[in-house]
$ cat run.csv   # CSV, C-alpha atoms
chain,number,residue,atom,x,y,z
A,1,MET,CA,6.3,62.4,160.4
A,2,ILE,CA,3.0,61.8,162.3
A,3,GLU,CA,-0.4,62.7,161.0
A,4,ARG,CA,-1.7,64.5,164.0
A,5,ARG,CA,-5.4,64.0,163.8
A,6,PRO,CA,-5.5,60.2,163.6
A,7,PHE,CA,-2.7,60.1,166.2
A,8,VAL,CA,-4.8,62.2,168.7
A,9,GLN,CA,-7.9,60.2,167.9
A,10,LYS,CA,-6.1,57.0,168.6
A,11,ILE,CA,-4.9,58.2,172.0
A,12,LEU,CA,-8.5,59.3,172.9
A,13,LYS,CA,-10.0,56.0,171.8
A,14,ASN,CA,-10.7,53.7,174.7
A,15,ARG,CA,-9.7,56.5,177.1
A,16,LYS,CA,-9.8,55.6,180.8
A,17,SER,CA,-12.2,57.2,183.2
A,18,ASN,CA,-9.3,58.8,185.2
A,19,LEU,CA,-8.1,60.9,182.2
A,20,ARG,CA,-8.9,64.5,181.7
A,21,VAL,CA,-7.7,66.2,178.5
A,22,ILE,CA,-6.8,69.9,177.9
A,23,SER,CA,-5.8,71.4,174.5
A,24,GLY,CA,-4.0,74.5,173.6
A,25,LEU,CA,-5.6,77.0,171.3
A,26,GLY,CA,-6.0,76.5,167.6
A,27,THR,CA,-5.5,73.2,165.8
A,28,SER,CA,-4.9,71.2,169.0
A,29,THR,CA,-8.4,72.0,170.1
A,30,TRP,CA,-9.9,71.0,166.8
A,31,ASP,CA,-7.8,67.8,167.0
A,32,LEU,CA,-9.2,67.1,170.5
A,33,MET,CA,-12.8,67.7,169.5
A,34,SER,CA,-12.4,65.5,166.4
A,35,GLY,CA,-12.1,62.6,168.8
A,36,GLY,CA,-15.7,63.0,169.8
A,37,ASP,CA,-17.5,65.1,172.4
A,38,ASN,CA,-16.5,64.3,176.0
A,39,THR,CA,-17.3,66.3,179.1
A,40,GLY,CA,-13.7,65.5,180.3
A,41,ASN,CA,-12.2,67.7,177.6
A,42,PHE,CA,-11.5,71.4,177.8
A,43,GLY,CA,-10.1,73.2,174.8
A,44,PHE,CA,-8.5,76.7,174.6
A,45,ILE,CA,-9.6,78.9,171.8
A,46,GLY,CA,-7.6,81.9,173.0
A,47,ALA,CA,-5.3,83.0,175.8
A,48,MET,CA,-2.3,81.7,173.9
A,49,GLY,CA,0.5,80.4,176.2
A,50,GLN,CA,-1.9,79.6,179.1
A,51,ALA,CA,-2.6,75.9,178.4
A,52,ILE,CA,0.6,74.7,180.2
A,53,PRO,CA,0.1,76.7,183.4
A,54,PHE,CA,-3.6,75.9,183.4
A,55,SER,CA,-2.8,72.2,183.2
A,56,LEU,CA,-0.3,72.5,186.0
A,57,GLY,CA,-2.9,74.1,188.3
A,58,LEU,CA,-5.4,71.4,187.4
A,59,ALA,CA,-2.9,68.6,187.9
A,60,MET,CA,-2.0,70.0,191.3
A,61,SER,CA,-5.6,70.2,192.3
A,62,GLN,CA,-6.6,66.7,191.1
A,63,PRO,CA,-3.7,64.4,192.0
A,64,ASN,CA,-5.8,61.3,191.5
A,65,LEU,CA,-6.6,62.1,187.9
A,66,ARG,CA,-4.3,61.8,184.9
A,67,ILE,CA,-4.0,65.1,183.1
A,68,LEU,CA,-3.1,65.2,179.4
A,69,LEU,CA,-2.4,68.4,177.5
A,70,PHE,CA,-2.3,68.4,173.7
A,71,THR,CA,-0.8,71.6,172.5
A,72,GLY,CA,1.2,73.0,169.6
A,73,ASP,CA,4.7,74.2,169.2
A,74,GLY,CA,3.5,77.8,168.8
A,75,ASP,CA,1.6,77.7,172.0
A,76,THR,CA,4.5,76.0,173.8
A,77,LEU,CA,7.1,78.5,172.5
A,78,MET,CA,5.0,81.4,173.9
A,79,SER,CA,5.3,80.0,177.4
A,80,LEU,CA,8.7,78.3,177.7
A,81,GLY,CA,9.1,79.6,181.2
A,82,SER,CA,6.1,77.6,182.3
A,83,ILE,CA,8.0,74.4,181.5
A,84,ALA,CA,10.5,75.4,184.1
A,85,THR,CA,7.6,76.1,186.5
A,86,VAL,CA,6.2,72.6,185.8
A,87,ALA,CA,9.6,71.0,186.4
A,88,ASN,CA,10.1,72.8,189.7
A,89,HIS,CA,6.6,72.2,191.1
A,90,PRO,CA,6.5,68.6,189.9
A,91,VAL,CA,3.2,66.9,189.3
A,92,SER,CA,3.4,63.2,188.8
A,93,ASN,CA,0.0,63.1,187.0
A,94,LEU,CA,0.7,65.6,184.1
A,95,SER,CA,1.7,64.7,180.6
A,96,ILE,CA,2.2,67.3,177.9
A,97,VAL,CA,2.1,66.1,174.3
A,98,VAL,CA,3.4,68.8,171.9
A,99,LEU,CA,2.1,68.3,168.4
A,100,ASP,CA,5.1,69.9,166.8
A,101,ASN,CA,4.5,70.7,163.1
A,102,GLU,CA,7.2,73.4,163.1
A,103,SER,CA,4.8,76.0,161.8
A,104,TYR,CA,1.9,78.3,162.6
A,105,VAL,CA,-0.5,76.4,160.3
A,106,GLU,CA,-3.6,78.3,161.3
A,107,THR,CA,-2.2,81.6,160.1
A,108,GLY,CA,-0.5,80.6,156.9
A,109,SER,CA,2.2,78.1,157.8
A,110,GLN,CA,4.9,80.5,158.8
A,111,PRO,CA,7.8,78.6,160.3
A,112,THR,CA,8.2,78.5,164.1
A,113,ALA,CA,11.5,78.4,166.0
A,114,THR,CA,11.3,74.5,166.0
A,115,ALA,CA,11.6,74.7,162.2
A,116,GLY,CA,14.9,76.3,162.9
A,117,LYS,CA,17.3,75.5,165.7
A,118,THR,CA,15.0,75.1,168.7
A,119,ASP,CA,14.4,71.6,170.1
A,120,LEU,CA,11.6,71.4,172.6
A,121,GLU,CA,12.8,68.0,174.1
A,122,VAL,CA,16.1,69.7,174.9
A,123,VAL,CA,14.3,72.7,176.3
A,124,ALA,CA,12.1,70.4,178.5
A,125,LYS,CA,15.1,68.5,179.7
A,126,GLY,CA,17.2,71.6,180.3
A,127,SER,CA,14.2,73.0,182.2
A,128,GLY,CA,14.2,70.0,184.5
A,129,ILE,CA,11.6,67.6,183.0
A,130,SER,CA,13.7,64.5,182.7
A,131,ASN,CA,10.9,62.4,181.3
A,132,SER,CA,10.9,64.0,177.8
A,133,TYR,CA,11.4,62.4,174.4
A,134,THR,CA,10.7,62.9,170.7
A,135,ILE,CA,8.7,60.6,168.5
A,136,THR,CA,8.4,60.8,164.7
A,137,SER,CA,6.2,57.9,163.9
A,138,GLU,CA,2.9,56.4,165.0
A,139,ASN,CA,4.8,53.3,165.9
A,140,ASP,CA,5.6,54.9,169.2
A,141,PHE,CA,1.9,55.0,170.2
A,142,ASP,CA,2.2,52.4,173.0
A,143,LYS,CA,5.1,54.3,174.5
A,144,VAL,CA,3.1,57.5,174.6
A,145,ILE,CA,0.0,55.7,176.1
A,146,ASN,CA,2.3,54.3,178.8
A,147,THR,CA,3.6,57.7,179.6
A,148,ILE,CA,0.1,59.2,179.8
A,149,TYR,CA,-1.3,56.6,182.1
A,150,GLU,CA,1.5,54.9,184.0
A,151,GLU,CA,4.7,56.9,184.2
A,152,GLU,CA,5.8,59.3,186.9
A,153,GLY,CA,5.2,62.8,185.5
A,154,PRO,CA,5.6,65.5,184.6
A,155,SER,CA,6.4,64.4,181.1
A,156,LEU,CA,6.8,66.2,177.8
A,157,VAL,CA,6.5,64.3,174.5
A,158,VAL,CA,7.4,66.1,171.3
A,159,ALA,CA,5.4,64.5,168.5
A,160,LYS,CA,6.8,65.6,165.2
A,161,CYS,CA,3.8,66.1,162.9
A,162,GLN,CA,3.1,66.9,159.3
A,163,ALA,CA,2.5,70.6,158.7
A,164,LYS,CA,-0.8,70.4,156.9
A,165,ALA,CA,-4.1,72.1,157.6
A,166,THR,CA,-6.9,69.9,159.0
A,167,PRO,CA,-10.7,70.5,159.0
A,168,LEU,CA,-12.0,72.6,161.8
A,169,VAL,CA,-13.9,70.7,164.4
A,170,PHE,CA,-15.6,73.0,166.9
A,171,PRO,CA,-16.2,72.2,170.6
A,172,HIS,CA,-19.7,71.8,172.1
A,173,SER,CA,-19.7,75.6,172.8
A,174,PHE,CA,-17.5,78.6,172.1
A,175,ASP,CA,-18.7,80.1,175.4
A,176,GLY,CA,-15.9,79.6,177.8
A,177,SER,CA,-18.1,79.5,180.8
A,178,VAL,CA,-20.3,76.8,179.3
A,179,SER,CA,-17.1,74.8,178.4
A,180,ILE,CA,-15.4,75.1,181.8
A,181,ASN,CA,-18.6,74.3,183.8
A,182,ARG,CA,-19.2,71.2,181.7
A,183,PHE,CA,-15.6,70.2,182.2
A,184,MET,CA,-15.8,70.8,186.0
A,185,SER,CA,-18.9,68.6,186.2
A,186,SER,CA,-16.8,65.7,184.8
A,187,ILE,CA,-14.5,66.2,187.8
A,188,LYS,CA,-17.2,66.4,190.5
A,189,SER,CA,-19.1,63.3,189.2
B,1,MET,CA,7.0,99.6,213.0
B,2,GLU,CA,8.2,96.1,212.3
B,3,GLY,CA,5.2,94.6,214.0
B,4,ALA,CA,2.8,97.0,212.3
B,5,ILE,CA,4.2,96.1,208.8
B,6,LYS,CA,3.9,92.4,209.7
B,7,ASP,CA,0.3,92.8,210.8
B,8,TRP,CA,-1.3,93.7,207.4
B,9,ARG,CA,0.3,90.7,205.7
B,10,ASN,CA,-1.1,88.6,208.6
B,11,ASP,CA,-4.5,90.1,207.8
B,12,ILE,CA,-4.2,88.9,204.2
B,13,TYR,CA,-3.0,85.5,205.3
B,14,LYS,CA,-6.1,85.3,207.6
B,15,VAL,CA,-8.4,86.0,204.6
B,16,PHE,CA,-6.6,83.2,202.7
B,17,LYS,CA,-7.3,80.8,205.5
B,18,GLU,CA,-10.9,81.9,206.1
B,19,LEU,CA,-11.8,81.6,202.4
B,20,ASP,CA,-9.8,78.3,201.9
B,21,ILE,CA,-7.3,79.8,199.4
B,22,THR,CA,-4.8,77.0,199.2
B,23,MET,CA,-2.6,77.9,196.2
B,24,VAL,CA,-0.6,81.1,196.0
B,25,SER,CA,1.5,81.9,193.0
B,26,HIS,CA,3.9,84.8,192.6
B,27,VAL,CA,6.7,86.5,190.9
B,28,PRO,CA,8.3,87.8,194.1
B,29,ASP,CA,8.2,91.4,195.3
B,30,ALA,CA,9.7,92.7,198.5
B,31,GLY,CA,6.3,94.0,199.5
B,32,HIS,CA,4.8,90.5,199.4
B,33,THR,CA,7.8,88.7,201.0
B,34,PRO,CA,6.4,88.5,204.5
B,35,LEU,CA,3.1,87.0,203.1
B,36,ILE,CA,5.0,84.6,200.9
B,37,ASN,CA,6.9,83.4,203.9
B,38,LEU,CA,3.7,82.9,205.9
B,39,CYS,CA,2.3,80.8,203.1
B,40,GLU,CA,5.4,78.8,202.7
B,41,LYS,CA,5.3,77.8,206.3
B,42,ASP,CA,1.7,76.6,205.9
B,43,ASN,CA,1.5,72.9,204.8
B,44,GLU,CA,-2.1,73.5,203.5
B,45,ILE,CA,-0.9,76.2,201.0
B,46,ASP,CA,1.0,75.4,197.9
B,47,VAL,CA,3.3,78.2,196.9
B,48,VAL,CA,4.2,78.3,193.2
B,49,THR,CA,7.1,80.5,192.0
B,50,LEU,CA,6.4,81.6,188.4
B,51,THR,CA,8.8,82.8,185.7
B,52,THR,CA,6.2,85.3,184.5
B,53,GLU,CA,3.1,86.7,186.1
B,54,GLN,CA,0.8,85.7,183.2
B,55,ASP,CA,1.3,82.0,184.0
B,56,GLY,CA,-0.3,82.7,187.4
B,57,VAL,CA,-3.5,83.5,185.6
B,58,GLY,CA,-3.6,80.2,183.8
B,59,LEU,CA,-2.4,78.3,186.9
B,60,SER,CA,-5.1,79.9,189.0
B,61,CYS,CA,-7.8,79.0,186.5
B,62,GLY,CA,-6.6,75.4,186.2
B,63,ALA,CA,-6.6,75.1,190.0
B,64,PHE,CA,-10.2,76.4,190.2
B,65,ALA,CA,-11.3,73.9,187.5
B,66,GLY,CA,-9.8,71.3,189.8
B,67,GLY,CA,-11.7,72.6,192.8
B,68,ARG,CA,-9.1,74.8,194.5
B,69,LYS,CA,-9.0,78.6,195.2
B,70,SER,CA,-5.9,80.5,194.6
B,71,ALA,CA,-4.4,84.0,194.5
B,72,LEU,CA,-1.6,85.6,192.4
B,73,LEU,CA,0.8,87.9,194.1
B,74,MET,CA,2.8,90.3,191.9
B,75,GLN,CA,4.2,93.8,191.5
B,76,SER,CA,2.6,96.4,189.4
B,77,SER,CA,5.2,95.9,186.6
B,78,GLY,CA,3.8,92.3,186.3
B,79,VAL,CA,0.3,93.4,185.6
B,80,GLY,CA,1.2,94.3,182.0
B,81,ASN,CA,2.5,90.8,181.4
B,82,CYS,CA,-1.0,89.4,182.2
B,83,ILE,CA,-3.3,91.3,179.8
B,84,ASN,CA,-4.1,88.7,177.2
B,85,ALA,CA,-4.1,85.9,179.8
B,86,LEU,CA,-6.8,87.7,181.7
B,87,ALA,CA,-9.1,86.8,178.8
B,88,LEU,CA,-9.2,83.3,180.2
B,89,PRO,CA,-10.9,84.0,183.6
B,90,ASN,CA,-13.0,86.6,181.8
B,91,ILE,CA,-14.5,84.4,179.1
B,92,CYS,CA,-14.8,81.3,181.3
B,93,ARG,CA,-16.3,83.3,184.3
B,94,ILE,CA,-13.6,81.7,186.6
B,95,PRO,CA,-13.0,83.7,189.8
B,96,PHE,CA,-9.6,85.2,189.7
B,97,LEU,CA,-7.9,87.1,192.6
B,98,THR,CA,-4.6,89.0,192.4
B,99,LEU,CA,-2.9,91.2,195.0
B,100,VAL,CA,-0.6,93.8,193.4
B,101,SER,CA,2.1,95.7,195.3
B,102,MET,CA,2.4,99.1,193.7
B,103,ARG,CA,5.5,100.8,192.4
B,104,GLY,CA,6.0,104.0,190.6
B,105,GLU,CA,3.5,106.1,192.6
B,106,TRP,CA,4.7,107.3,196.0
B,107,GLY,CA,8.3,108.5,196.5
B,108,GLU,CA,9.5,106.2,193.7
B,109,PHE,CA,13.2,106.3,193.1
B,110,VAL,CA,13.3,104.3,189.8
B,111,PRO,CA,11.9,106.1,186.8
B,112,TRP,CA,11.5,102.8,184.9
B,113,GLN,CA,8.7,101.8,187.5
B,114,VAL,CA,6.6,104.8,186.7
B,115,PRO,CA,5.0,103.8,183.3
B,116,MET,CA,3.5,100.5,184.5
B,117,GLY,CA,2.7,102.0,187.9
B,118,LEU,CA,0.5,104.6,186.1
B,119,GLY,CA,-0.9,102.0,183.7
B,120,THR,CA,-1.8,99.3,186.3
B,121,PRO,CA,-5.3,100.4,187.2
B,122,LYS,CA,-6.1,101.3,183.6
B,123,VAL,CA,-5.1,98.0,182.0
B,124,LEU,CA,-6.8,96.0,184.8
B,125,GLU,CA,-10.0,97.9,184.2
B,126,ALA,CA,-9.6,97.6,180.4
B,127,MET,CA,-9.7,93.8,180.9
B,128,ASP,CA,-12.8,93.9,183.1
B,129,VAL,CA,-11.0,93.3,186.4
B,130,LYS,CA,-12.7,95.0,189.4
B,131,VAL,CA,-10.0,97.1,191.0
B,132,PHE,CA,-9.9,97.6,194.8
B,133,ARG,CA,-7.2,99.6,196.5
B,134,ALA,CA,-5.7,99.7,200.0
B,135,ASP,CA,-3.8,102.9,201.0
B,136,TYR,CA,-3.6,102.2,204.8
B,137,LYS,CA,-2.6,99.1,206.6
B,138,GLU,CA,-5.8,99.2,208.7
B,139,GLU,CA,-7.9,98.6,205.6
B,140,VAL,CA,-5.9,95.8,204.0
B,141,GLY,CA,-7.7,92.9,205.6
B,142,SER,CA,-11.2,94.2,204.9
B,143,THR,CA,-10.2,95.2,201.3
B,144,VAL,CA,-8.7,91.8,200.5
B,145,ASP,CA,-11.6,90.1,202.1
B,146,ALA,CA,-14.1,92.2,200.0
B,147,ALA,CA,-12.1,91.6,196.8
B,148,ALA,CA,-11.8,87.9,197.4
B,149,ARG,CA,-15.6,87.5,198.1
B,150,PHE,CA,-16.4,89.6,195.0
B,151,ALA,CA,-14.3,87.3,192.9
B,152,PHE,CA,-15.4,84.0,194.3
B,153,ASN,CA,-19.1,84.9,194.8
B,154,THR,CA,-19.6,86.6,191.4
B,155,ASN,CA,-17.2,84.6,189.3
B,156,ARG,CA,-15.3,87.7,188.2
B,157,SER,CA,-11.7,88.9,188.3
B,158,ALA,CA,-10.6,91.2,191.2
B,159,ALA,CA,-7.4,92.9,192.0
B,160,VAL,CA,-6.3,94.7,195.2
B,161,LEU,CA,-3.7,97.4,194.7
B,162,LEU,CA,-1.5,97.7,197.8
B,163,SER,CA,-0.3,101.2,197.7
B,164,GLN,CA,3.4,102.2,197.7
B,165,LYS,CA,2.7,104.7,200.5
B,166,MET,CA,1.8,101.8,202.8
B,167,ILE,CA,4.5,99.4,201.6
B,168,GLY,CA,7.2,102.0,201.7
B,169,ALA,CA,9.2,103.3,198.7
B,170,LYS,CA,12.4,101.3,198.1
B,171,GLN,CA,15.5,103.5,198.3
B,172,PHE,CA,18.7,102.6,196.5
B,173,LYS,CA,22.0,103.6,198.1
B,174,ASN,CA,25.5,103.3,196.8
B,175,GLY,CA,28.3,101.8,199.0
$ encode --input "run.csv" --output "structure tokens"
Amino acid sequence: MIERRPFVQKILKNRKSNLRVISGLGTSTWDLMSGGDNTGNFGFIGAMGQAIPFSLGLAMSQPNLRILLFTGDGDTLMSLGSIATVANHPVSNLSIVVLDNESYVETGSQPTATAGKTDLEVVAKGSGISNSYTITSENDFDKVINTIYEEEGPSLVVAKCQAKATPLVFPHSFDGSVSINRFMSSIKS
Amino acid sequence: MEGAIKDWRNDIYKVFKELDITMVSHVPDAGHTPLINLCEKDNEIDVVTLTTEQDGVGLSCGAFAGGRKSALLMQSSGVGNCINALALPNICRIPFLTLVSMRGEWGEFVPWQVPMGLGTPKVLEAMDVKVFRADYKEEVGSTVDAAARFAFNTNRSAAVLLSQKMIGAKQFKNG
């Protein structure tokens, strides 16, 4: 099982200038922010289930950027239909990395459906995202980097992670309008 | 009559073109079909078919973050699916525009359409969405134009309710 925070930080280290990173609410946003403040990041702190469609709209609007979404299994499970939408309106520049710890860690580690019978890689493939695979070890880091920067998207990587709480790392601002305007400035420049 | 019905969808399409709205997402409704068809024929407009209306809120916000304007088309029953998602444009002050074809209000045949039809303006207003309404085809173009400008000029959410009286109540017949 992967330790999510060092894994996310490793992906963010030496990031290329054409990468923009979105995170789904909760732990994924604290993970993203733990990699250091960057105007090219936008983290959800609410609107559960909206990170995937948001990333699709962004990827469709900025085809020359690579768009990476870190999100959790809970957020993904709330919006399984959006995976079908991504598959059917394909964006070659979108990668979704699901940090799948099989639990709602933020609320007391209740098990999610992926702790039971649900497999998000199979869901993605069945929805039409053929570039989908599961990793269980940091050894697959290079493969994920290649997917994010080089491969034809959309892609969905299920990264099986340890279910343990990590320290909160807050974004530059909790004010959504400040966050989005800062993020948009990174696209205009 | 056919021409008259087509006209008000053309008026919406003209607003899209004038205001550079280049992404249109929807969960389809018969009332929106002529407009969806117009958008699909336009190479400058991306039409995204959703599986649930709430995804259109996130899609629209992501598109705006990337520099594109969009609109979400849905039926009144879909508005209820969007409530929590509407927090996103609200808290981020992202312009959000939706056009809602109304059911459950004028000559409705299906009782199941009535609860969300009655609830639509209330839940939109509860989420700080400015609600506009068009009851007559002559006012559709100007109302959509006003709502779109309200949204994009003031960075707020706006909805236009397209009345069932204007669209025409769907009647079901056996055989």
$ residues_around --input "run.csv" --residues "Phe64 of chain B" --least-positions-apart "2" --cutoff "10 Å" --atoms "all atoms listed in the file" --output "list in words"
Phe54, Gly57, Leu58, Ser61, Ile180 and Met184 of chain A; Met23, Gly58, Leu59, Ser60, Cys61, Gly62, Gly66, Gly67, Arg68, Lys69, Ser70, Ile94, Pro95 and Phe96 of chain B
$ interface_residues --input "run.csv" --of "chain B" --to "chain A" --cutoff "12 Å" --atoms "all atoms listed in the file" --output "PyMOL selection string"
chain B and resi 22-27+45-71+81-95+155-156
$ write_last_selection --input "run.csv" --atoms "C-alpha atoms" --output "short mmCIF file (atom, residue, chain, number, x, y, z; two decimals), keeping the file's coordinate frame"
data_model
loop_
_atom_site.label_atom_id
_atom_site.label_comp_id
_atom_site.auth_asym_id
_atom_site.auth_seq_id
_atom_site.Cartn_x
_atom_site.Cartn_y
_atom_site.Cartn_z
CA THR B 22 -4.80 77.00 199.20
CA MET B 23 -2.60 77.90 196.20
CA VAL B 24 -0.60 81.10 196.00
CA SER B 25 1.50 81.90 193.00
CA HIS B 26 3.90 84.80 192.60
CA VAL B 27 6.70 86.50 190.90
CA ILE B 45 -0.90 76.20 201.00
CA ASP B 46 1.00 75.40 197.90
CA VAL B 47 3.30 78.20 196.90
CA VAL B 48 4.20 78.30 193.20
CA THR B 49 7.10 80.50 192.00
CA LEU B 50 6.40 81.60 188.40
CA THR B 51 8.80 82.80 185.70
CA THR B 52 6.20 85.30 184.50
CA GLU B 53 3.10 86.70 186.10
CA GLN B 54 0.80 85.70 183.20
CA ASP B 55 1.30 82.00 184.00
CA GLY B 56 -0.30 82.70 187.40
CA VAL B 57 -3.50 83.50 185.60
CA GLY B 58 -3.60 80.20 183.80
CA LEU B 59 -2.40 78.30 186.90
CA SER B 60 -5.10 79.90 189.00
CA CYS B 61 -7.80 79.00 186.50
CA GLY B 62 -6.60 75.40 186.20
CA ALA B 63 -6.60 75.10 190.00
CA PHE B 64 -10.20 76.40 190.20
CA ALA B 65 -11.30 73.90 187.50
CA GLY B 66 -9.80 71.30 189.80
CA GLY B 67 -11.70 72.60 192.80
CA ARG B 68 -9.10 74.80 194.50
CA LYS B 69 -9.00 78.60 195.20
CA SER B 70 -5.90 80.50 194.60
CA ALA B 71 -4.40 84.00 194.50
CA ASN B 81 2.50 90.80 181.40
CA CYS B 82 -1.00 89.40 182.20
CA ILE B 83 -3.30 91.30 179.80
CA ASN B 84 -4.10 88.70 177.20
CA ALA B 85 -4.10 85.90 179.80
CA LEU B 86 -6.80 87.70 181.70
CA ALA B 87 -9.10 86.80 178.80
CA LEU B 88 -9.20 83.30 180.20
CA PRO B 89 -10.90 84.00 183.60
CA ASN B 90 -13.00 86.60 181.80
CA ILE B 91 -14.50 84.40 179.10
CA CYS B 92 -14.80 81.30 181.30
CA ARG B 93 -16.30 83.30 184.30
CA ILE B 94 -13.60 81.70 186.60
CA PRO B 95 -13.00 83.70 189.80
CA ASN B 155 -17.20 84.60 189.30
CA ARG B 156 -15.30 87.70 188.20
#
$ atom_distance --input "run.csv" --atom1 "atom CA of Lys137 of chain B" --atom2 "atom CA of Asp29 of chain B"
17.4 Å
$ residues_around --input "run.csv" --residues "Phe170 of chain A" --least-positions-apart "6" --cutoff "9 Å" --atoms "all atoms listed in the file" --output "list in words"
Thr29, Trp30, Met33 and Ser34 of chain A
$ write_last_selection --input "run.csv" --atoms "C-alpha atoms" --output "PDB file, keeping the file's coordinate frame"
ATOM      1  CA  THR A  29      -8.400  72.000 170.100  1.00  0.00           C
ATOM      2  CA  TRP A  30      -9.900  71.000 166.800  1.00  0.00           C
ATOM      3  CA  MET A  33     -12.800  67.700 169.500  1.00  0.00           C
ATOM      4  CA  SER A  34     -12.400  65.500 166.400  1.00  0.00           C
TER       5      SER A  34
END
$ atom_distance --input "run.csv" --atom1 "atom CA of Ser92 of chain A" --atom2 "atom CA of Val123 of chain A"
19.1 Å
$ atom_distance --input "run.csv" --atom1 "atom CA of Ala87 of chain A" --atom2 "atom CA of Ala124 of chain A"
8.3 Å
$ closest_residue --input "run.csv" --among "A:Ile2, A:Leu99, A:Ala163, A:Val157" --to "Thr71 of chain A" --atoms "all atoms listed in the file"
A:Leu99
$ closest_residue --input "run.csv" --among "A:Val144, A:Val8, A:Leu69, A:Val91" --to "Leu32 of chain A" --atoms "all atoms listed in the file"
A:Val8
$ residues_around --input "run.csv" --residues "segment 32-35 of chain B" --least-positions-apart "5" --cutoff "12 Å" --atoms "only C-alpha atoms" --output "PyMOL selection string"
chain B and resi 2-3+5-16+24-27+40-42+45+47+71-76+98-102+161-164+167-168
